[in-house]
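Structure first, commentary second.
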Amino acid sequence: IWSFFPLQHNNPNCIMKFAAALVATFSTASAFMAPSNIKNVALTQLYARQPIMAGNWKMNPSTEADALNLANGFVALLNEMEDTCAVEEKDGCTEVVLFPPFPFISKVKDIVGKSGITVGAQQVYYEDKGAFTGSVAASMVKSVGCEYVLCGHSERRTLFSDSDTNINAKVKKTLEFGMKPILCIGETKDEFDLDITKEVCAMQVSKDLAGVSKEDMANVVIAYEPVWAIGTGLVCEADKANEVHKFIRTILAKMYDDEVAENTRIQYGGSVTPESVDGLMAQSDIDGCLVGGASLFADKFARIVNFQPEA
């Protein structure tokens, strides 16, 4: 099936048939389940997947002064903790990334960078330059210190009609400029109700990572965000989210190999709160969170970053 798929990646019917076949083939796979004598919380450490917490500020706050106050407040709280760092610094700690709006990136980076926190861009366009009013190039955000780029966030997909073809181009452009994409995938409420979550995730992962090499996958993070749980108050239970994360790894194993599947960090995003983070981070295949609303409150996001996995 897979050798045939890349040649047909622009055919929607083929994509859905492929996704359905892949789900049927791997829905019972257990290759990535933790051994029974290992606690779920140990699996991230077993595969040396560093936890990553990301705060997506979206179109907030309203002014530069508010943004800098938020950054300063967060850093002040985070500096009281010992287990946070940037990915390159040391093992055994949590990587933290902030995604401020474009106008605030440089000054926020100046504040948080001293504490080992990195910054990213909420999106880029896939062209390098030209007459694309309102768009931002990868080279531009790279030049102001961005290390990550969100690609395929559900709001970009739904509100701005970001297609999988465009998302794939943005993922590859981000990698081309030496940054790390966080690829966001997930089903809508209608798709959830139709019980096609796995089909949707298989299709999005397959299309959005088309042409991305195994070597480049070392710099790719995936964020599973059930669209119906984002800012709605609806909750995706931690164990259910973990099942989807495990399934995503079976897709990666088929596209690449077991090594990529085991090493790729997969975040959960969808109304993450201080109250829900510990249960999420106790799951075997959840490697971090992509946080929206709670990241706009320094105390809430600091608590999320300083998660305490439930035994």
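In the structure tokens, chains take letters A, B, ... by order of appearance, with residues numbered from 1 within each chain and ligands from 1 in the order shown.
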Can you pull out every residue within 10 Å of region 124-137 of chain A, counting only C-alpha atoms, but drop anything in the same chain fewer than 4 positions away, and send it as a short mmCIF file (atom, residue, chain, number, x, y, z; two decimals) with N, CA and C atoms, in the first residue's frame?
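And here is the file that came out, part_39.cif:
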```
data_model
loop_
_atom_site.label_atom_id
_atom_site.label_comp_id
_atom_site.auth_asym_id
_atom_site.auth_seq_id
_atom_site.Cartn_x
_atom_site.Cartn_y
_atom_site.Cartn_z
N PHE A 102 3.60 37.95 15.79
CA PHE A 102 4.80 38.43 15.09
C PHE A 102 5.40 39.70 15.66
N VAL A 141 11.29 35.13 10.02
CA VAL A 141 11.16 34.71 11.42
C VAL A 141 12.45 34.07 11.92
N LYS A 142 13.17 33.43 11.03
CA LYS A 142 14.47 32.88 11.39
C LYS A 142 15.41 34.01 11.81
N VAL A 149 8.22 26.68 14.21
CA VAL A 149 7.10 27.24 13.46
C VAL A 149 5.91 26.29 13.59
N LEU A 150 4.75 26.83 13.94
CA LEU A 150 3.53 26.04 13.92
C LEU A 150 3.07 25.85 12.48
N CYS A 151 2.78 24.63 12.11
CA CYS A 151 2.30 24.33 10.76
C CYS A 151 1.00 23.53 10.86
N ASN A 166 -0.50 23.04 1.13
CA ASN A 166 0.21 24.21 1.62
C ASN A 166 0.94 23.92 2.94
N ILE A 167 0.30 23.15 3.80
CA ILE A 167 0.93 22.81 5.08
C ILE A 167 2.21 22.01 4.84
N ASN A 168 2.16 21.06 3.92
CA ASN A 168 3.34 20.29 3.57
C ASN A 168 4.46 21.20 3.07
N ALA A 169 4.11 22.18 2.24
CA ALA A 169 5.12 23.12 1.74
C ALA A 169 5.71 23.95 2.87
N LYS A 170 4.89 24.31 3.84
CA LYS A 170 5.38 25.10 4.98
C LYS A 170 6.28 24.27 5.89
N VAL A 171 5.93 23.00 6.09
CA VAL A 171 6.78 22.11 6.88
C VAL A 171 8.15 22.03 6.24
N LYS A 172 8.19 21.81 4.94
CA LYS A 172 9.48 21.66 4.26
C LYS A 172 10.25 22.97 4.21
N LYS A 173 9.54 24.09 4.07
CA LYS A 173 10.21 25.39 4.07
C LYS A 173 10.81 25.68 5.45
N THR A 174 10.08 25.34 6.49
CA THR A 174 10.59 25.53 7.85
C THR A 174 11.88 24.74 8.06
#
```
#### Entry: Non-local contacts of Phe104 (chain A) (10 Å; only C-alpha atoms; under 2 positions in same chain excluded) as a PyMOL selection string
chain A and resi 61+63-68+99-102+106-109
Output N, CA, C and O atoms for every residue in that selection, as a PDB file, in the first residue's frame.
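As a result, result.pdb now contains:
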```
ATOM      1  N   PRO A  61      -1.383  39.018  23.611  1.00  0.00           N
ATOM      2  CA  PRO A  61      -2.327  39.991  24.152  1.00  0.00           C
ATOM      3  C   PRO A  61      -2.460  41.200  23.234  1.00  0.00           C
ATOM      4  O   PRO A  61      -1.900  41.203  22.129  1.00  0.00           O
ATOM      5  N   THR A  63      -1.416  44.435  23.432  1.00  0.00           N
ATOM      6  CA  THR A  63      -0.351  45.421  23.258  1.00  0.00           C
ATOM      7  C   THR A  63       1.009  44.809  23.552  1.00  0.00           C
ATOM      8  O   THR A  63       1.126  43.772  24.226  1.00  0.00           O
ATOM      9  N   GLU A  64       2.047  45.496  23.077  1.00  0.00           N
ATOM     10  CA  GLU A  64       3.413  45.053  23.359  1.00  0.00           C
ATOM     11  C   GLU A  64       3.687  45.067  24.856  1.00  0.00           C
ATOM     12  O   GLU A  64       4.315  44.153  25.390  1.00  0.00           O
ATOM     13  N   ALA A  65       3.211  46.094  25.542  1.00  0.00           N
ATOM     14  CA  ALA A  65       3.441  46.179  26.985  1.00  0.00           C
ATOM     15  C   ALA A  65       2.848  44.969  27.697  1.00  0.00           C
ATOM     16  O   ALA A  65       3.475  44.394  28.603  1.00  0.00           O
ATOM     17  N   ASP A  66       1.654  44.558  27.305  1.00  0.00           N
ATOM     18  CA  ASP A  66       1.030  43.385  27.920  1.00  0.00           C
ATOM     19  C   ASP A  66       1.830  42.115  27.623  1.00  0.00           C
ATOM     20  O   ASP A  66       1.966  41.241  28.485  1.00  0.00           O
ATOM     21  N   ALA A  67       2.342  42.021  26.398  1.00  0.00           N
ATOM     22  CA  ALA A  67       3.124  40.842  26.024  1.00  0.00           C
ATOM     23  C   ALA A  67       4.404  40.743  26.851  1.00  0.00           C
ATOM     24  O   ALA A  67       4.777  39.657  27.315  1.00  0.00           O
ATOM     25  N   LEU A  68       5.065  41.865  27.044  1.00  0.00           N
ATOM     26  CA  LEU A  68       6.309  41.850  27.816  1.00  0.00           C
ATOM     27  C   LEU A  68       6.038  41.577  29.296  1.00  0.00           C
ATOM     28  O   LEU A  68       6.825  40.895  29.960  1.00  0.00           O
ATOM     29  N   PHE A  99       5.060  31.007  21.499  1.00  0.00           N
ATOM     30  CA  PHE A  99       4.682  31.482  20.170  1.00  0.00           C
ATOM     31  C   PHE A  99       3.903  32.793  20.313  1.00  0.00           C
ATOM     32  O   PHE A  99       2.669  32.803  20.293  1.00  0.00           O
ATOM     33  N   PRO A 100       4.614  33.924  20.443  1.00  0.00           N
ATOM     34  CA  PRO A 100       3.928  35.212  20.508  1.00  0.00           C
ATOM     35  C   PRO A 100       3.492  35.656  19.106  1.00  0.00           C
ATOM     36  O   PRO A 100       3.965  35.124  18.097  1.00  0.00           O
ATOM     37  N   PRO A 101       2.595  36.634  19.011  1.00  0.00           N
ATOM     38  CA  PRO A 101       2.310  37.226  17.702  1.00  0.00           C
ATOM     39  C   PRO A 101       3.575  37.840  17.102  1.00  0.00           C
ATOM     40  O   PRO A 101       4.500  38.227  17.832  1.00  0.00           O
ATOM     41  N   PHE A 102       3.599  37.949  15.787  1.00  0.00           N
ATOM     42  CA  PHE A 102       4.799  38.426  15.088  1.00  0.00           C
ATOM     43  C   PHE A 102       5.402  39.703  15.664  1.00  0.00           C
ATOM     44  O   PHE A 102       6.619  39.782  15.846  1.00  0.00           O
ATOM     45  N   SER A 106      10.613  39.466  18.870  1.00  0.00           N
ATOM     46  CA  SER A 106      11.988  39.841  19.214  1.00  0.00           C
ATOM     47  C   SER A 106      12.129  40.221  20.681  1.00  0.00           C
ATOM     48  O   SER A 106      13.043  39.761  21.379  1.00  0.00           O
ATOM     49  N   LYS A 107      11.226  41.064  21.156  1.00  0.00           N
ATOM     50  CA  LYS A 107      11.355  41.535  22.535  1.00  0.00           C
ATOM     51  C   LYS A 107      11.010  40.432  23.539  1.00  0.00           C
ATOM     52  O   LYS A 107      11.607  40.364  24.617  1.00  0.00           O
ATOM     53  N   VAL A 108      10.059  39.576  23.187  1.00  0.00           N
ATOM     54  CA  VAL A 108       9.772  38.439  24.065  1.00  0.00           C
ATOM     55  C   VAL A 108      10.978  37.517  24.130  1.00  0.00           C
ATOM     56  O   VAL A 108      11.354  37.027  25.204  1.00  0.00           O
ATOM     57  N   LYS A 109      11.624  37.301  22.995  1.00  0.00           N
ATOM     58  CA  LYS A 109      12.823  36.452  22.977  1.00  0.00           C
ATOM     59  C   LYS A 109      13.911  37.034  23.872  1.00  0.00           C
ATOM     60  O   LYS A 109      14.605  36.284  24.579  1.00  0.00           O
TER      61      LYS A 109
END
```
### Query
So, counting only C-alpha atoms, which residue among A:Ile185, A:Ala241, A:Val220, A:Ala282 is closest to Ala261 (chain A)?
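Result for the nearest residue to Ala261 (chain A): A:Val220.
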### Message
Under the rule that only C-alpha atoms are counted, which of A:Ala138, A:Lys198, A:Thr273, A:Ile248 is the nearest residue to Leu296 (chain A)?
### Response
A:Thr273
### Contacts of Asp299 (chain A) at 9 Å (only C-alpha atoms; same-chain gap of 4+ positions) as an MDAnalysis selection string
chainID A and resid 73:74 77 294:295 303:304
Output of the above residues as a CSV table (one decimal), in the first residue's frame, restricted to N, CA, C and O atoms:
```
chain,number,residue,atom,x,y,z
A,73,GLY,N,6.5,37.9,33.7
A,73,GLY,CA,5.9,37.2,34.8
A,73,GLY,C,6.1,35.7,34.7
A,73,GLY,O,6.3,35.0,35.7
A,74,PHE,N,6.1,35.1,33.5
A,74,PHE,CA,6.3,33.7,33.3
A,74,PHE,C,7.7,33.3,33.7
A,74,PHE,O,8.0,32.4,34.4
A,77,LEU,N,8.4,33.2,37.4
A,77,LEU,CA,7.9,31.9,38.0
A,77,LEU,C,8.8,30.7,37.6
A,77,LEU,O,9.1,29.9,38.5
A,294,ALA,N,-4.5,28.9,28.4
A,294,ALA,CA,-3.8,28.9,29.7
A,294,ALA,C,-2.4,29.5,29.6
A,294,ALA,O,-1.8,29.9,30.6
A,295,SER,N,-1.8,29.5,28.4
A,295,SER,CA,-0.5,30.1,28.3
A,295,SER,C,-0.5,31.6,28.4
A,295,SER,O,0.6,32.3,28.5
A,303,ARG,N,2.7,26.3,35.9
A,303,ARG,CA,2.2,25.1,36.6
A,303,ARG,C,2.2,24.0,35.5
A,303,ARG,O,2.6,22.8,35.8
A,304,ILE,N,1.7,24.3,34.3
A,304,ILE,CA,1.7,23.3,33.3
A,304,ILE,C,3.1,22.8,32.9
A,304,ILE,O,3.4,21.6,32.8
```
### Message
Can you pull out every residue from region 36-229 of chain A that DSSP, working from the backbone, puts in alpha helix (DSSP H), and format the result as a VMD selection string?
### Response
chain A and resid 43 to 46 64 to 78 105 to 112 138 to 143 154 to 159 164 to 176 189 to 193 197 to 208
### Task
Apply DSSP to the backbone of this structure and, from region 104-301 of chain A, keep only the residues in strand (DSSP E or B); write these as a ChimeraX atom specification.
/A:118-121,125,137,148-151,180-185,221-224,265-268,288-291
### Message
Residues within 8 Å of Ile230 (chain A), please, as a PyMOL selection string. Count only C-alpha atoms; anything in the same chain fewer than 3 positions from it doesn't count.
### Response
chain A and resi 225-227+233-234+269-271
### Query
Within 8 Å of Ile251 (chain A), counting only C-alpha atoms, which residues qualify if same-chain residues fewer than 3 places away don't, as an MDAnalysis selection string?
chainID A and resid 22 202 205:206 247:248 254:255 261
### Task
Return the single residue from A:Ser161, A:Gln267, A:Ser139, A:Thr188 that is closest to Trp228 (chain A), with distances computed using only C-alpha atoms.
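Result for the nearest residue to Trp228 (chain A): A:Thr188.
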### Task
Pick out the closest residue to Val212 (chain A) from this set: A:Val235, A:Val260, A:Ile266, A:Cys184. Count only C-alpha atoms.
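Closest residue, counting only C-alpha atoms: A:Val260.
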### Task
Between A:Ile117, A:Val96, A:Val277, A:Val200, single out the one closest to Cys236 (chain A), counting only C-alpha atoms.
A:Val277
